[in-house]
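Report on one structure; see the data block that follows.
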Amino acid sequence: MSLNNEIDYGTPASASAEPVSLEIDGHKVTVNAGTSVMRAAAEAGISIPKLCATDHLDPFGSCRMCLVQIEGARGYPASCTTPVAAGMKVTTQNEKLAKLRKGVAELYISDHPLDCLTCSANGNCELQDTVGAVGLREVRYGFDGDNHLKAEKDESNPYFSFDPSKCIVCSRCVRACEEVQGTFALTIDGRGFESKVSPGQNQPFMESECVSCGACVQACPTATLMEKAVIDHGQPEHSTITTCAYCGVGCSFKAEMKGEQLVRMVPDKNGLANHGHSCVKGRFAFGYATHKDRITTPMVRDKITDPWREVSWEEAIQTAASRLKAIQTKYGKDAVGGITSSRCTNEETYLVQKLIRAGFGNNNVDTCARVCHSPTGYGLKTTFGESSGTQTFDSVMQSDVILVIGANPTDGHPVFGSLMKRRLRQGAKLIVVDPREIDLVRNSPHIKADYHLKLRPGTNVAVVTALAHVIVTEGLVDEAFVNERCDVESFNKWRTFVAKPENSPEAVAELTGVPAELLRGAARLYATGGNGAIYYGLGVTEHSQGSTTVIGIANLAMATGNIGREGVGVNPLRGQNNVQGSCDMGSFPHEFVGYRHVSDGATRAQFEAEWGVSLASEPGLRIPNMFTAAIEGSFKGLYVQGEDIAQSDPDINHVHHALRELECLIVQDIFLNETAKFAHVFLPGSSFLEKNGTFTNAERRISPVRKVMKPLAGKEDWEVTQDLSNALGYPMNYTHPSEIMDEIARLTPQFASVSYAKIDAMGSIQWPCNEEHPDGTPIMHADQFVRGKGRFLLTEYVPTTERTNSKYPLILTTGRILSQYNVGAQTRRTANVAWHEEDRLEIHPHDAEVLGVADGDWVGVKSRSGETVLRARVTDRMQPGVVYTTFHFPHSGANVITTDNSDWATNCPEYKVTAVHVAKVAKPSEWQKEYQAFSDDQQSLLDNRIVTAG
Ligand code: SF4
């Protein structure tokens, strides 16, 4: 049986519509008004043959298979496009209908290869099923007339094949590309018999606008668009529901297997974050999990100049534990710490911070969220009372005005980006605040940004405060909301502050680069355009005033009453799959699980009782403090699970210096990543396919991660942490991650009613999930803010100390691209490099001309921290004076240039503002030469590793 056998019945009606009763094949059926006859029949258990209908696309009515007879109606209408009506009498089966359907099927088959037995879709082909269902047994027409059987295949896409000889031109792929993905890369070219599916302007897929999301492959009812993995391995046999391990959208997938072989990842229609959609990463880029670079045997060495020595798990764990203990004996218990990962599960992250607090005996734990969304935690907790976004993704479909600040959803959060684009095509207004022309502004068919505030990097606070100035001074405040829901004293102070003339759009126009009239227009639109929703990303947080901008955003939402219901809210778009979760799980040095401060005696007593140890009351070291302490000599041992700080953190020379000073660096990862090149103990990690656990996405949705294959190294990551803890003398005895989640639930008010049984039953749960909200909480702060009254805070603009001058005249800002993910350790080991094989420096044509730089030239990029060399991409996406690069390849050295400036409240690095000098060059930078030599040495030490394990 097909694994893709969800029932597709045409578009469902709105749940709020009036009920309508009709008769189908003599059965009385009651459905909501607006339901199609096809769906009404299906709900009554009556199946109507179909080809072009599918329930995630609008009805189309082109295939003529789903014809029915309706009493009193002329002809044979298509049941997928015909809405029900009260008293309607429908016949779905009779001799005439059978003959008509058989005739239509015969026409399809007469222009279709008769290779069912060898076809890769055999057993999972809707055409085959439909032909069988209508009883077609022979075809009267020969293949000697005009046909498409010799149409040429397009194999240009690395992941799927396009075989037009099998195409029935049902348009499902074209409609999926338009309606679901919103890219409009496919069209039906030609008319009548000549009509055919065409990527772009009749181009190969890879040369078209196609973003390889897989929606067309998913929609295809035949083998025309087919995953190459299925062609190679055959149809999968069994599947497991799990969650994508890439971005913070947290898409649900069916991992479809043949034996132990993962054949494909199919987006799950029941997934509440993605509703059956996907992007190129989650859908196709999973090959890294079995890449030859995986390290599956533990390794140790005394010095980083020694070759690695393969050892047993026992020896590796004992070595790690004894070295950490020796360091603590020699330098004190605070000389060691650890870093949790937003790529790992909640349970794994929880266990690492528990090991550090209870086993190491200090609070020196931090997480990679330090370098991305720590200002979100601070800003939203201070204003609203909870460190999280407020909405579901689906809420955007109720938004009237969408304000996107410092985020690039179509690249960074593609499935949510598609949903947002759908709402924008329906007519919602769009305001984009970004220094660069992101795809929402310039590359999204049928969408036009109403305002693009093209600000200068580093001036977010001035822009957000100026928006507030307009709202306050033009009388656009939702006074009733503020009076009822907010702390009025703080509001009054804020009102006085933002109303000052120096915060007006006119006053900040020169500073921000945003014309005052645009700023005023955007503020009016957000405040008065209906439901206003704010979505923001790292373009907000990764600044010296990241926390201030988050606070400013929260102020805007409260002042306009855009909080606490569908369609509004403040929504941080989380970069990695489990950023929300790793923060929730107590990964910050000052907070236990659930964002409770370590200095709070009652909270600490609760953890001490559960964990059976006394706990430190002082916050521990943040990541940058660990680096500084390592260089100063007081921090000597570090356990890093699943993070690549040697590539991802800013001012890499400083980070590398710190790592070299450590006496024991323990790295747990699936690859020998950049950080592991400085390590003394390497503990092989497990990919998301090899473990059980949960991830929490940007909507606070806790979703299941379920083991699809055995861990290649023999252990899941949580088991390794548990072994290390036991070796250190702090006992842990979990037998399954569900027990870890039970402990989390016991200790955390927001998670009190979460359990694996509930997650499995519901599919996913949005926290808070407790006695008050047993089924979770889709919308936060609905009746009152978590902190009681919403609190306004002043947002004084303080310019960054990172300034341009004659030596460093341009501002560098950084970001991501669709096909690659963060440091690229996973996606670089997949065919996704076909889309992005190097990081480039985007530069405006005017700047390029002044510097004599042409597209593709090598350019040296020098900052106060360091220098690297990239190739230039000349593009008017950029504004003059600002350059941009991604950071997916280690040899690009993007973080060699970024500085150690950071957010005043959280130390989140200021990745988005670096003053640089750019010049055309002919050779790599000194750093790149040194990096290459070091990498070559480390590769040699790995290749020549000593194999002693049995
Ligand atoms: Fe995975 Fe994010 Fe793509 Fe969804 S949008 S498939 S979670 S990378």
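Chain labels follow the order of the structure tokens: the first chain is A, the next B, and so on; residue numbering restarts at 1 in every chain, and ligands are counted from 1 in their shown order.
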Query - Nearby residues, ligand 1, 10 Å, only C-alpha atoms and all ligand atoms, as an MDAnalysis selection string - result: chainID A and resid 213:214 243:253 265:267 273:274 276:285 409:418 574:577 697 818:821
Kindly provide the residues of region 730-830 of chain A that approach region 672-691 of chain A to within 10 Å, each paired with its closest atom pair and their distance in Å to one decimal, based on only C-alpha atoms, listed by chain and increasing number, as CSV.
```
residue,atom,partner,partner_atom,distance
A:Pro737,CA,A:Lys691,CA,9.1
A:Val823,CA,A:Glu674,CA,9.6
A:Ala825,CA,A:Asn673,CA,7.2
A:Gln826,CA,A:Ser687,CA,10.0
```
Those residues you just picked out, can you put them in a file as a PDB file, in the first residue's frame with C-alpha atoms?
```pdb
ATOM      1  CA  PRO A 737      14.364  10.255  26.972  1.00  0.00           C
ATOM      2  CA  VAL A 823      27.965  26.804   9.700  1.00  0.00           C
ATOM      3  CA  ALA A 825      28.443  21.306   8.543  1.00  0.00           C
ATOM      4  CA  GLN A 826      25.335  19.425   7.397  1.00  0.00           C
TER       5      GLN A 826
END
```
Report task. Enumerate, as a PyMOL selection string, the complete set of residues in region 437-645 of chain A that a backbone-based DSSP assignment places in alpha helix (DSSP H). Result -> chain A and resi 439-442+460-473+479-485+488-498+505-512+516-528+538-541+546-559+579-584+601-611+623-632+645
So that each row is one residue of region 463-513 of chain A with an atom at most 9 Å from region 435-456 of chain A, can you give its shortest atom pair and the distance in Å to one decimal, using only C-alpha atoms, rows by chain and rising number, as CSV?
```
residue,atom,partner,partner_atom,distance
A:Val463,CA,A:Leu455,CA,7.8
A:Leu511,CA,A:Arg456,CA,7.8
A:Thr512,CA,A:Leu455,CA,5.2
A:Gly513,CA,A:Leu455,CA,5.3
```
Report task. Identify which of the residues A:Thr222, A:Ser614, A:Ser387, A:Asn692 lies closest to Lys710 (chain A), counting only C-alpha atoms when measuring atom-to-atom distances. Result ->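 Among the listed residues, the smallest separation from Lys710 (chain A) belongs to A:Asn692.
Proximity ranking of A:Val947, A:Ala53, A:Val593, A:Val139 relative to Pro749 (chain A) places A:Val593 first, based on only C-alpha atoms.
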**Report entry** Test item: residues at most 7 Å from region 852-865 of chain A, only C-alpha atoms, excluding those fewer than 2 positions along its chain, as a count of residues only
**Finding:** 26
